[in-house]
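A.B. asks: Dropping in input_23.cif, which is mmCIF, C-alpha atoms and all ligand atoms; chains and numbers go by the auth columns:
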data_my_file
loop_
_atom_site.group_PDB
_atom_site.id
_atom_site.type_symbol
_atom_site.label_atom_id
_atom_site.label_comp_id
_atom_site.label_asym_id
_atom_site.label_seq_id
_atom_site.Cartn_x
_atom_site.Cartn_y
_atom_site.Cartn_z
_atom_site.B_iso_or_equiv
_atom_site.auth_seq_id
_atom_site.auth_asym_id
ATOM 1 C CA MET A 1 39.593 -11.394 -21.356 0.00 251 A
ATOM 2 C CA ILE A 2 37.074 -8.576 -21.732 0.00 252 A
ATOM 3 C CA THR A 3 34.380 -9.092 -24.374 0.00 253 A
ATOM 4 C CA LEU A 4 32.989 -5.960 -25.983 0.00 254 A
ATOM 5 C CA TYR A 5 29.563 -6.398 -27.555 0.00 255 A
ATOM 6 C CA GLY A 6 28.812 -4.128 -30.476 0.00 256 A
ATOM 7 C CA GLU A 7 30.413 -1.196 -32.244 0.00 257 A
ATOM 8 C CA GLY A 8 28.500 2.101 -32.462 0.00 258 A
ATOM 9 C CA ARG A 9 29.278 3.709 -29.109 0.00 259 A
ATOM 10 C CA GLY A 10 31.309 0.575 -28.452 0.00 260 A
ATOM 11 C CA PHE A 11 33.976 2.410 -30.440 0.00 261 A
ATOM 12 C CA ARG A 12 34.516 4.604 -27.357 0.00 262 A
ATOM 13 C CA VAL A 13 35.130 1.477 -25.294 0.00 263 A
ATOM 14 C CA ALA A 14 37.440 -0.074 -27.918 0.00 264 A
ATOM 15 C CA TRP A 15 39.424 3.175 -28.086 0.00 265 A
ATOM 16 C CA LEU A 16 39.820 3.278 -24.302 0.00 266 A
ATOM 17 C CA LEU A 17 40.772 -0.423 -24.177 0.00 267 A
ATOM 18 C CA GLU A 18 43.443 0.277 -26.789 0.00 268 A
ATOM 19 C CA GLU A 19 44.747 3.281 -24.843 0.00 269 A
ATOM 20 C CA LEU A 20 44.902 1.168 -21.681 0.00 270 A
ATOM 21 C CA GLY A 21 46.571 -1.729 -23.490 0.00 271 A
ATOM 22 C CA LEU A 22 43.955 -4.183 -22.207 0.00 272 A
ATOM 23 C CA PRO A 23 43.261 -7.317 -24.251 0.00 273 A
ATOM 24 C CA TYR A 24 39.681 -7.666 -25.479 0.00 274 A
ATOM 25 C CA ARG A 25 37.624 -9.347 -28.117 0.00 275 A
ATOM 26 C CA LEU A 26 34.913 -7.604 -30.084 0.00 276 A
ATOM 27 C CA ARG A 27 31.706 -9.595 -30.467 0.00 277 A
ATOM 28 C CA GLN A 28 29.655 -8.102 -33.287 0.00 278 A
ATOM 29 C CA VAL A 29 25.996 -7.282 -32.669 0.00 279 A
ATOM 30 C CA ASP A 30 23.836 -6.603 -35.718 0.00 280 A
ATOM 31 C CA LEU A 31 21.048 -4.284 -34.593 0.00 281 A
ATOM 32 C CA LEU A 32 19.579 -4.067 -38.084 0.00 282 A
ATOM 33 C CA ASP A 33 19.255 -7.829 -38.494 0.00 283 A
ATOM 34 C CA GLY A 34 16.717 -8.068 -35.659 0.00 284 A
ATOM 35 C CA ILE A 35 18.159 -8.213 -32.185 0.00 285 A
ATOM 36 C CA GLU A 36 15.533 -10.771 -31.123 0.00 286 A
ATOM 37 C CA LYS A 37 17.502 -13.374 -33.117 0.00 287 A
ATOM 38 C CA ASP A 38 20.648 -12.823 -31.033 0.00 288 A
ATOM 39 C CA SER A 39 19.857 -14.773 -27.875 0.00 289 A
ATOM 40 C CA GLU A 40 23.492 -14.816 -26.728 0.00 290 A
ATOM 41 C CA PHE A 41 23.601 -11.019 -26.737 0.00 291 A
ATOM 42 C CA LEU A 42 20.150 -10.694 -25.156 0.00 292 A
ATOM 43 C CA ALA A 43 21.385 -12.865 -22.281 0.00 293 A
ATOM 44 C CA VAL A 44 24.048 -10.182 -21.717 0.00 294 A
ATOM 45 C CA ASN A 45 21.801 -7.156 -22.271 0.00 295 A
ATOM 46 C CA PRO A 46 18.084 -8.007 -22.345 0.00 296 A
ATOM 47 C CA ALA A 47 17.390 -4.358 -23.244 0.00 297 A
ATOM 48 C CA GLY A 48 19.045 -5.081 -26.596 0.00 298 A
ATOM 49 C CA PHE A 49 21.231 -2.011 -27.067 0.00 299 A
ATOM 50 C CA ILE A 50 24.980 -1.704 -27.553 0.00 300 A
ATOM 51 C CA PRO A 51 27.627 -1.482 -26.278 0.00 301 A
ATOM 52 C CA ALA A 52 27.915 -3.978 -23.439 0.00 302 A
ATOM 53 C CA ILE A 53 30.933 -5.591 -21.877 0.00 303 A
ATOM 54 C CA VAL A 54 31.546 -8.820 -20.048 0.00 304 A
ATOM 55 C CA ASP A 55 34.622 -8.749 -17.804 0.00 305 A
ATOM 56 C CA GLY A 56 34.752 -11.919 -15.717 0.00 306 A
ATOM 57 C CA ASP A 57 31.543 -11.891 -13.667 0.00 307 A
ATOM 58 C CA THR A 58 30.835 -8.249 -14.507 0.00 308 A
ATOM 59 C CA ILE A 59 28.307 -7.251 -17.156 0.00 309 A
ATOM 60 C CA MET A 60 27.880 -3.573 -17.935 0.00 310 A
ATOM 61 C CA VAL A 61 26.090 -1.314 -20.398 0.00 311 A
ATOM 62 C CA GLU A 62 26.264 2.469 -21.046 0.00 312 A
ATOM 63 C CA SER A 63 29.451 3.531 -22.795 0.00 313 A
ATOM 64 C CA ILE A 64 30.458 6.261 -20.319 0.00 314 A
ATOM 65 C CA ALA A 65 29.781 4.074 -17.289 0.00 315 A
ATOM 66 C CA ILE A 66 31.810 1.287 -18.910 0.00 316 A
ATOM 67 C CA MET A 67 34.691 3.724 -19.440 0.00 317 A
ATOM 68 C CA GLU A 68 34.576 4.825 -15.806 0.00 318 A
ATOM 69 C CA TYR A 69 34.484 1.183 -14.721 0.00 319 A
ATOM 70 C CA LEU A 70 37.488 0.214 -16.875 0.00 320 A
ATOM 71 C CA LEU A 71 39.525 3.179 -15.646 0.00 321 A
ATOM 72 C CA ALA A 72 38.661 2.453 -12.013 0.00 322 A
ATOM 73 C CA ARG A 73 39.062 -1.305 -12.093 0.00 323 A
ATOM 74 C CA HIS A 74 41.958 -1.610 -14.534 0.00 324 A
ATOM 75 C CA GLY A 75 43.687 1.714 -13.784 0.00 325 A
ATOM 76 C CA PRO A 76 45.185 3.860 -12.536 0.00 326 A
ATOM 77 C CA SER A 77 45.694 5.690 -15.809 0.00 327 A
ATOM 78 C CA PRO A 78 46.564 9.300 -16.702 0.00 328 A
ATOM 79 C CA LEU A 79 43.449 9.157 -18.893 0.00 329 A
ATOM 80 C CA ALA A 80 41.307 9.508 -15.735 0.00 330 A
ATOM 81 C CA LEU A 81 41.932 12.655 -13.720 0.00 331 A
ATOM 82 C CA ALA A 82 42.066 12.245 -9.952 0.00 332 A
ATOM 83 C CA VAL A 83 39.468 13.986 -7.849 0.00 333 A
ATOM 84 C CA ASP A 84 42.064 16.422 -6.432 0.00 334 A
ATOM 85 C CA ASP A 85 43.291 17.427 -9.895 0.00 335 A
ATOM 86 C CA PRO A 86 42.273 21.055 -10.631 0.00 336 A
ATOM 87 C CA SER A 87 40.897 19.879 -13.999 0.00 337 A
ATOM 88 C CA PHE A 88 38.794 17.077 -12.485 0.00 338 A
ATOM 89 C CA PRO A 89 35.508 19.043 -12.674 0.00 339 A
ATOM 90 C CA ALA A 90 36.003 19.765 -16.384 0.00 340 A
ATOM 91 C CA TYR A 91 37.028 16.144 -16.947 0.00 341 A
ATOM 92 C CA GLN A 92 33.953 14.775 -15.215 0.00 342 A
ATOM 93 C CA GLN A 93 31.628 17.253 -16.916 0.00 343 A
ATOM 94 C CA PHE A 94 32.806 16.616 -20.463 0.00 344 A
ATOM 95 C CA LEU A 95 33.152 12.851 -19.976 0.00 345 A
ATOM 96 C CA HIS A 96 29.385 12.806 -19.392 0.00 346 A
ATOM 97 C CA MET A 97 28.417 15.644 -21.714 0.00 347 A
ATOM 98 C CA GLY A 98 29.876 13.680 -24.630 0.00 348 A
ATOM 99 C CA GLU A 99 26.930 11.332 -24.333 0.00 349 A
ATOM 100 C CA ALA A 100 24.231 13.148 -22.357 0.00 350 A
ATOM 101 C CA GLY A 101 24.474 16.501 -24.152 0.00 351 A
ATOM 102 C CA LEU A 102 26.041 15.678 -27.527 0.00 352 A
ATOM 103 C CA ALA A 103 25.687 12.105 -28.844 0.00 353 A
ATOM 104 C CA GLY A 104 22.321 11.561 -27.123 0.00 354 A
ATOM 105 C CA PRO A 105 20.497 14.407 -28.922 0.00 355 A
ATOM 106 C CA ILE A 106 22.108 13.374 -32.230 0.00 356 A
ATOM 107 C CA ASN A 107 20.747 9.857 -31.613 0.00 357 A
ATOM 108 C CA ALA A 108 17.219 11.251 -31.537 0.00 358 A
ATOM 109 C CA ILE A 109 17.773 12.916 -34.916 0.00 359 A
ATOM 110 C CA VAL A 110 19.364 9.820 -36.476 0.00 360 A
ATOM 111 C CA ALA A 111 16.646 7.487 -35.193 0.00 361 A
ATOM 112 C CA THR A 112 13.943 9.827 -36.488 0.00 362 A
ATOM 113 C CA HIS A 113 15.609 10.083 -39.889 0.00 363 A
ATOM 114 C CA ILE A 114 15.855 6.292 -40.174 0.00 364 A
ATOM 115 C CA LEU A 115 12.749 5.013 -38.418 0.00 365 A
ATOM 116 C CA ALA A 116 10.027 7.660 -38.496 0.00 366 A
ATOM 117 C CA PRO A 117 7.228 7.381 -41.052 0.00 367 A
ATOM 118 C CA ASP A 118 7.648 9.363 -44.283 0.00 368 A
ATOM 119 C CA GLY A 119 6.784 12.997 -43.733 0.00 369 A
ATOM 120 C CA GLU A 120 7.791 12.887 -40.059 0.00 370 A
ATOM 121 C CA ARG A 121 11.540 12.636 -40.510 0.00 371 A
ATOM 122 C CA GLU A 122 12.126 16.295 -39.751 0.00 372 A
ATOM 123 C CA ASN A 123 9.905 17.475 -36.937 0.00 373 A
ATOM 124 C CA TRP A 124 9.861 19.692 -33.858 0.00 374 A
ATOM 125 C CA THR A 125 11.864 17.130 -31.873 0.00 375 A
ATOM 126 C CA THR A 126 14.719 16.888 -34.380 0.00 376 A
ATOM 127 C CA GLY A 127 14.951 20.704 -34.363 0.00 377 A
ATOM 128 C CA TRP A 128 14.979 20.701 -30.575 0.00 378 A
ATOM 129 C CA ALA A 129 17.700 18.015 -30.489 0.00 379 A
ATOM 130 C CA ARG A 130 19.838 20.084 -32.911 0.00 380 A
ATOM 131 C CA ASP A 131 19.433 23.121 -30.640 0.00 381 A
ATOM 132 C CA ILE A 132 20.495 21.083 -27.596 0.00 382 A
ATOM 133 C CA PHE A 133 23.551 19.781 -29.475 0.00 383 A
ATOM 134 C CA ARG A 134 24.494 23.306 -30.594 0.00 384 A
ATOM 135 C CA SER A 135 24.150 24.767 -27.111 0.00 385 A
ATOM 136 C CA ARG A 136 26.355 22.065 -25.541 0.00 386 A
ATOM 137 C CA LEU A 137 28.815 22.435 -28.398 0.00 387 A
ATOM 138 C CA GLY A 138 29.165 26.058 -27.303 0.00 388 A
ATOM 139 C CA LEU A 139 30.582 24.778 -24.012 0.00 389 A
ATOM 140 C CA VAL A 140 32.999 22.518 -25.883 0.00 390 A
ATOM 141 C CA SER A 141 34.179 25.489 -27.992 0.00 391 A
ATOM 142 C CA ARG A 142 34.601 27.690 -24.932 0.00 392 A
ATOM 143 C CA GLN A 143 36.768 25.033 -23.280 0.00 393 A
ATOM 144 C CA LEU A 144 38.841 24.466 -26.436 0.00 394 A
ATOM 145 C CA ALA A 145 39.655 28.187 -26.457 0.00 395 A
ATOM 146 C CA LYS A 146 41.399 27.539 -23.112 0.00 396 A
ATOM 147 C CA THR A 147 42.938 24.065 -23.431 0.00 397 A
ATOM 148 C CA PRO A 148 44.024 21.904 -26.402 0.00 398 A
ATOM 149 C CA PHE A 149 42.152 18.919 -24.986 0.00 399 A
ATOM 150 C CA ILE A 150 38.702 18.989 -23.484 0.00 400 A
ATOM 151 C CA ALA A 151 39.682 18.927 -19.822 0.00 401 A
ATOM 152 C CA ASP A 152 43.329 19.825 -19.735 0.00 402 A
ATOM 153 C CA ASP A 153 46.525 20.209 -21.744 0.00 403 A
ATOM 154 C CA HIS A 154 46.716 16.445 -22.209 0.00 404 A
ATOM 155 C CA PHE A 155 44.449 13.745 -23.598 0.00 405 A
ATOM 156 C CA THR A 156 41.952 12.100 -21.207 0.00 406 A
ATOM 157 C CA ALA A 157 39.004 9.735 -21.415 0.00 407 A
ATOM 158 C CA ALA A 158 36.756 12.808 -21.709 0.00 408 A
ATOM 159 C CA ASP A 159 38.338 13.383 -25.132 0.00 409 A
ATOM 160 C CA ILE A 160 37.275 9.895 -26.206 0.00 410 A
ATOM 161 C CA SER A 161 33.726 10.668 -25.116 0.00 411 A
ATOM 162 C CA VAL A 162 33.512 14.077 -26.821 0.00 412 A
ATOM 163 C CA THR A 163 35.446 13.141 -29.978 0.00 413 A
ATOM 164 C CA TYR A 164 33.130 10.184 -30.548 0.00 414 A
ATOM 165 C CA ALA A 165 30.128 12.504 -30.255 0.00 415 A
ATOM 166 C CA LEU A 166 31.527 15.121 -32.643 0.00 416 A
ATOM 167 C CA GLU A 167 32.428 12.503 -35.250 0.00 417 A
ATOM 168 C CA PHE A 168 29.000 10.896 -34.800 0.00 418 A
ATOM 169 C CA ALA A 169 27.373 14.264 -35.591 0.00 419 A
ATOM 170 C CA GLN A 170 29.624 14.757 -38.639 0.00 420 A
ATOM 171 C CA ARG A 171 28.989 11.276 -39.994 0.00 421 A
ATOM 172 C CA THR A 172 25.263 11.044 -39.409 0.00 422 A
ATOM 173 C CA ILE A 173 23.758 14.500 -39.866 0.00 423 A
ATOM 174 C CA GLY A 174 26.709 16.117 -41.646 0.00 424 A
ATOM 175 C CA PHE A 175 27.162 18.691 -38.874 0.00 425 A
ATOM 176 C CA GLN A 176 29.665 21.370 -39.922 0.00 426 A
ATOM 177 C CA PHE A 177 32.171 22.351 -37.242 0.00 427 A
ATOM 178 C CA GLY A 178 34.403 25.417 -37.025 0.00 428 A
ATOM 179 C CA ALA A 179 38.193 25.389 -37.311 0.00 429 A
ATOM 180 C CA ALA A 180 38.816 24.971 -33.556 0.00 430 A
ATOM 181 C CA GLU A 181 36.614 21.879 -33.329 0.00 431 A
ATOM 182 C CA LEU A 182 38.078 20.408 -36.541 0.00 432 A
ATOM 183 C CA ASP A 183 41.607 20.954 -35.222 0.00 433 A
ATOM 184 C CA TYR A 184 40.586 19.283 -31.975 0.00 434 A
ATOM 185 C CA ILE A 185 39.162 16.234 -33.786 0.00 435 A
ATOM 186 C CA ALA A 186 42.366 16.014 -35.845 0.00 436 A
ATOM 187 C CA ARG A 187 44.432 16.145 -32.639 0.00 437 A
ATOM 188 C CA THR A 188 42.546 13.418 -30.782 0.00 438 A
ATOM 189 C CA THR A 189 42.096 11.087 -33.744 0.00 439 A
ATOM 190 C CA ALA A 190 45.816 11.229 -34.614 0.00 440 A
ATOM 191 C CA ARG A 191 46.491 8.930 -31.668 0.00 441 A
ATOM 192 C CA ASP A 192 47.668 5.359 -32.216 0.00 442 A
ATOM 193 C CA GLY A 193 44.926 4.158 -29.866 0.00 443 A
ATOM 194 C CA TYR A 194 42.270 5.637 -32.167 0.00 444 A
ATOM 195 C CA ARG A 195 43.832 4.003 -35.223 0.00 445 A
ATOM 196 C CA ARG A 196 44.100 0.623 -33.514 0.00 446 A
ATOM 197 C CA ALA A 197 40.479 0.828 -32.336 0.00 447 A
ATOM 198 C CA MET A 198 39.421 1.668 -35.894 0.00 448 A
ATOM 199 C CA ASP A 199 41.369 -1.345 -37.203 0.00 449 A
ATOM 200 C CA ASN A 200 39.594 -3.553 -34.653 0.00 450 A
ATOM 201 C CA CYS A 201 36.113 -2.182 -35.415 0.00 451 A
ATOM 202 C CA PRO A 202 35.493 -3.291 -39.010 0.00 452 A
ATOM 203 C CA GLY A 203 31.908 -2.042 -39.084 0.00 453 A
ATOM 204 C CA THR A 204 32.931 1.468 -38.045 0.00 454 A
ATOM 205 C CA LYS A 205 35.903 1.417 -40.407 0.00 455 A
ATOM 206 C CA ALA A 206 33.757 0.366 -43.373 0.00 456 A
ATOM 207 C CA TRP A 207 31.097 2.956 -42.498 0.00 457 A
ATOM 208 C CA VAL A 208 33.663 5.767 -42.335 0.00 458 A
ATOM 209 C CA ALA A 209 35.313 4.619 -45.572 0.00 459 A
ATOM 210 C CA GLY A 210 31.908 4.543 -47.267 0.00 460 A
ATOM 211 C CA LEU A 211 31.131 8.076 -46.102 0.00 461 A
ATOM 212 C CA ALA A 212 34.507 9.325 -47.380 0.00 462 A
ATOM 213 C CA GLY A 213 33.808 7.685 -50.737 0.00 463 A
ATOM 214 C CA ARG A 214 30.424 9.404 -50.972 0.00 464 A
ATOM 215 C CA THR A 215 31.905 12.887 -50.664 0.00 465 A
ATOM 216 C CA LYS A 216 34.481 12.323 -53.435 0.00 466 A
HETATM 217 N N1 LIG B . 23.670 6.055 -23.697 0.00 501 A
HETATM 218 C C1 LIG B . 23.986 4.801 -24.336 0.00 501 A
HETATM 219 C C2 LIG B . 23.418 4.855 -25.758 0.00 501 A
HETATM 220 C C3 LIG B . 23.450 3.500 -26.399 0.00 501 A
HETATM 221 C C4 LIG B . 22.851 3.545 -27.777 0.00 501 A
HETATM 222 O O1 LIG B . 22.013 4.391 -28.117 0.00 501 A
HETATM 223 N N2 LIG B . 23.277 2.592 -28.593 0.00 501 A
HETATM 224 C C5 LIG B . 22.727 2.456 -29.925 0.00 501 A
HETATM 225 C C6 LIG B . 23.810 2.086 -30.920 0.00 501 A
HETATM 226 S S1 LIG B . 25.228 3.109 -30.782 0.00 501 A
HETATM 227 C C7 LIG B . 21.716 1.337 -29.900 0.00 501 A
HETATM 228 O O2 LIG B . 22.011 0.244 -29.432 0.00 501 A
HETATM 229 N N3 LIG B . 20.506 1.623 -30.360 0.00 501 A
HETATM 230 C C8 LIG B . 19.449 0.667 -30.382 0.00 501 A
HETATM 231 C C9 LIG B . 18.587 0.742 -29.158 0.00 501 A
HETATM 232 O O3 LIG B . 18.773 1.641 -28.325 0.00 501 A
HETATM 233 O O4 LIG B . 17.690 -0.078 -29.036 0.00 501 A
HETATM 234 C C10 LIG B . 25.509 4.600 -24.337 0.00 501 A
HETATM 235 O O5 LIG B . 26.245 5.575 -24.272 0.00 501 A
HETATM 236 O O6 LIG B . 25.957 3.441 -24.377 0.00 501 A
#
Show me, as structure tokens, the structure contained in the file I just sent.

C.D. replies:
Amino acid sequence: MITLYGEGRGFRVAWLLEELGLPYRLRQVDLLDGIEKDSEFLAVNPAGFIPAIVDGDTIMVESIAIMEYLLARHGPSPLALAVDDPSFPAYQQFLHMGEAGLAGPINAIVATHILAPDGERENWTTGWARDIFRSRLGLVSRQLAKTPFIADDHFTAADISVTYALEFAQRTIGFQFGAAELDYIARTTARDGYRRAMDNCPGTKAWVAGLAGRTK
């Protein structure tokens, strides 16, 4: 059985595993408790970040690479577009942009807000990261004006990647999206696979519930 280490971006992996109907177990990793105490996890990923998976003899990190691996090794699945599909370029682009252009820049802002010394929590770099996020979001919006999902007229793994990033921005820096992006998030998160992943990721579920409570 596949072991998934850590929530955070591990939610993307849990969501895909649910969509694929693959059995897995989630092994919690507490980054805030001091990762140096978690020798079992460090044996899997000595770099100490999440998510990671163990699938038989395979160990992998990087959420998007893990998704590509799962789709390739445990597919085929309609969630991965074939290379000869006319929408393959959009699929491939947004699968990666969800992390490289969207969640990654937000990470820089979140880490600075949490970890930087007082007085340095908003700086040139956080402004730059916001600008990068906004510019890539423009590409998401342009695509959503053409198709209901990010690569095509049906849900793909690229939607898992991008939806995670948009919700991450909402939940961490309170980013305000327009109607088209909000409708898109509502569409992708209405899936049973999303709900099941949320039920299996108690840390994410509690975090989201806490955020909802704060805005009441
Ligand atoms: N590009 C990586 C980003 C991984 C990442 O930033 N993970 C965060 C939690 S979601 C983390 O482990 N941060 C602590 C660290 O990087 O040391 C991915 O998509 O998996």

A.B. asks: What residues come out when you apply the PyMOL selection byres (((not hetatm)) within 10 of (chain A and resi 501)) to this file, written as number ranges by chain?

C.D. replies: A: 256-263, 279-282, 285, 297-302, 310-317, 346, 348-350, 353-354, 356-358, 361, 411, 415, 418

A.B. asks: Which protein, DNA or RNA residues are at most 12 Å from (39.9, 22.7, -34.4) in the file's coordinates when you count only C-alpha atoms, listed as a list of chain:residue names?

C.D. replies: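 Every polymer residue passing the test: A:Val390, A:Ser391, A:Arg392, A:Gln393, A:Leu394, A:Ala395, A:Thr397, A:Pro398, A:Phe399, A:Ile400, A:Thr413, A:Leu416, A:Gln426, A:Phe427, A:Gly428, A:Ala429, A:Ala430, A:Glu431, A:Leu432, A:Asp433, A:Tyr434, A:Ile435, A:Ala436, A:Arg437, A:Thr438, A:Thr439.
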
A.B. asks: In terms of the shortest atom-to-atom distance over all atoms listed in the file, which of A:Asp442, A:Asp449, A:Asp283, A:Asp307 is closest to Glu269 of chain A?

C.D. replies: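 That would be A:Asp442, the residue with the smallest distance to Glu269 of chain A.
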
A.B. asks: Go ahead and fit an axis-aligned box to every listed atom of segment 435-444 of chain A plus 6 Å each side, and pass me the centre and edge lengths in Å, one decimal, as lines of an AutoDock Vina configuration file.

C.D. replies:
center_x = 43.4
center_y = 10.2
center_z = -32.9
size_x = 20.5
size_y = 24.1
size_z = 18.0

A.B. asks: Out of A:Ser385, A:Pro296, A:Asp402, A:Ile252, which residue has the shortest atom-to-atom distance to Thr308 of chain A when counting only C-alpha atoms?

C.D. replies: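 Of A:Ser385, A:Pro296, A:Asp402, A:Ile252, the one nearest Thr308 of chain A is A:Ile252, counting only C-alpha atoms.
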
A.B. asks: Taking into account all atoms listed in the file, which residue in the set A:Ala322, A:Ile410, A:Met251, A:Trp378 is nearest to Ala447 of chain A?

C.D. replies: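 The closest residue to Ala447 of chain A is A:Ile410.
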
A.B. asks: Please provide as a CSV table (one decimal) with C-alpha atoms, in the frame of the given file all residues within 10 Å of Arg384 of chain A, with the sequence filter that same-chain residues fewer than 4 positions apart are discarded (counting all atoms listed in the file).

C.D. replies:
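Wrote it out as result_24.csv, contents follow:
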chain,number,residue,atom,x,y,z
A,351,GLY,CA,24.5,16.5,-24.2
A,352,LEU,CA,26.0,15.7,-27.5
A,355,PRO,CA,20.5,14.4,-28.9
A,378,TRP,CA,15.0,20.7,-30.6
A,379,ALA,CA,17.7,18.0,-30.5
A,380,ARG,CA,19.8,20.1,-32.9
A,388,GLY,CA,29.2,26.1,-27.3
A,389,LEU,CA,30.6,24.8,-24.0
A,390,VAL,CA,33.0,22.5,-25.9
A,425,PHE,CA,27.2,18.7,-38.9

A.B. asks: Taking all atoms listed in the file into account, which of A:Leu461, A:Glu290, A:Met347, A:Ala401 comes nearest Gly424 of chain A?

C.D. replies: A:Leu461

A.B. asks: Which distance in Å separates atom CA of Arg386 of chain A and atom CA of Ala340 of chain A, to one decimal?

C.D. replies: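 Taking atom CA of Arg386 of chain A as the start and atom CA of Ala340 of chain A as the end point, the length is 13.5 Å.
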
A.B. asks: Using only C-alpha atoms, pick whichever of A:Leu320, A:Ala440, A:Ala407, A:Cys451 has the shortest atom-to-atom distance to Val304 of chain A.

C.D. replies: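 The closest residue to Val304 of chain A is A:Leu320.
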
A.B. asks: In Å, rounded to a single decimal, give me how far atom CA of Leu331 of chain A is from atom CA of His404 of chain A.

C.D. replies: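 One can read the atom CA of His404 of chain A to atom CA of Leu331 of chain A distance as 10.5 Å.
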
A.B. asks: Record the distance separating atom CA of Leu329 of chain A and atom CA of Leu345 of chain A, expressed in Å with one decimal.

C.D. replies: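 These two atoms are separated by 11.0 Å.
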
A.B. asks: Export segment 340-396 of chain A, C-alpha atoms, as a compact mmCIF listing (two decimals), in the first residue's frame; it's the structure right above.

C.D. replies:
# COMPACT_ATOMS: atom_id res chain seq x y z
CA ALA A 340 -2.57 23.16 -21.57
CA TYR A 341 -2.77 20.16 -19.24
CA GLN A 342 0.99 19.92 -18.88
CA GLN A 343 1.41 23.68 -18.47
CA PHE A 344 -1.19 24.13 -15.75
CA LEU A 345 -0.25 20.91 -13.93
CA HIS A 346 3.16 22.50 -13.32
CA MET A 347 2.05 26.12 -13.03
CA GLY A 348 -0.12 25.15 -10.06
CA GLU A 349 3.06 24.72 -8.07
CA ALA A 350 5.82 26.59 -9.91
CA GLY A 351 3.84 29.77 -10.66
CA LEU A 352 1.06 29.81 -8.05
CA ALA A 353 1.61 27.86 -4.81
CA GLY A 354 5.39 28.39 -4.86
CA PRO A 355 5.25 32.21 -4.74
CA ILE A 356 2.52 32.04 -2.07
CA ASN A 357 4.86 29.81 -0.04
CA ALA A 358 7.45 32.58 0.01
CA ILE A 359 4.86 35.01 1.39
CA VAL A 360 3.56 32.55 4.00
CA ALA A 361 7.05 31.59 5.18
CA THR A 362 8.01 35.26 5.47
CA HIS A 363 4.86 36.07 7.41
CA ILE A 364 5.49 33.22 9.85
CA LEU A 365 9.27 33.05 10.15
CA ALA A 366 10.79 36.43 9.34
CA PRO A 367 11.87 38.71 12.18
CA ASP A 368 9.38 41.38 13.30
CA GLY A 369 9.44 44.31 10.92
CA GLU A 370 10.49 42.16 7.96
CA ARG A 371 7.24 40.29 7.44
CA GLU A 372 6.20 42.44 4.50
CA ASN A 373 9.14 43.23 2.28
CA TRP A 374 10.16 43.61 -1.35
CA THR A 375 10.17 39.83 -1.84
CA THR A 376 6.62 39.30 -0.58
CA GLY A 377 5.45 42.05 -2.96
CA TRP A 378 7.34 40.41 -5.81
CA ALA A 379 5.84 37.00 -4.99
CA ARG A 380 2.32 38.53 -5.00
CA ASP A 381 3.01 40.05 -8.43
CA ILE A 382 4.20 36.68 -9.77
CA PHE A 383 1.07 34.98 -8.40
CA ARG A 384 -1.18 37.65 -9.94
CA SER A 385 0.48 37.43 -13.34
CA ARG A 386 0.16 33.62 -13.48
CA LEU A 387 -3.41 33.90 -12.23
CA GLY A 388 -4.08 35.99 -15.33
CA LEU A 389 -3.25 32.91 -17.41
CA VAL A 390 -5.60 30.80 -15.30
CA SER A 391 -8.41 33.35 -15.83
CA ARG A 392 -7.78 33.50 -19.57
CA GLN A 393 -8.04 29.70 -19.79
CA LEU A 394 -11.20 29.59 -17.64
CA ALA A 395 -12.84 32.00 -20.09
CA LYS A 396 -12.42 29.22 -22.68
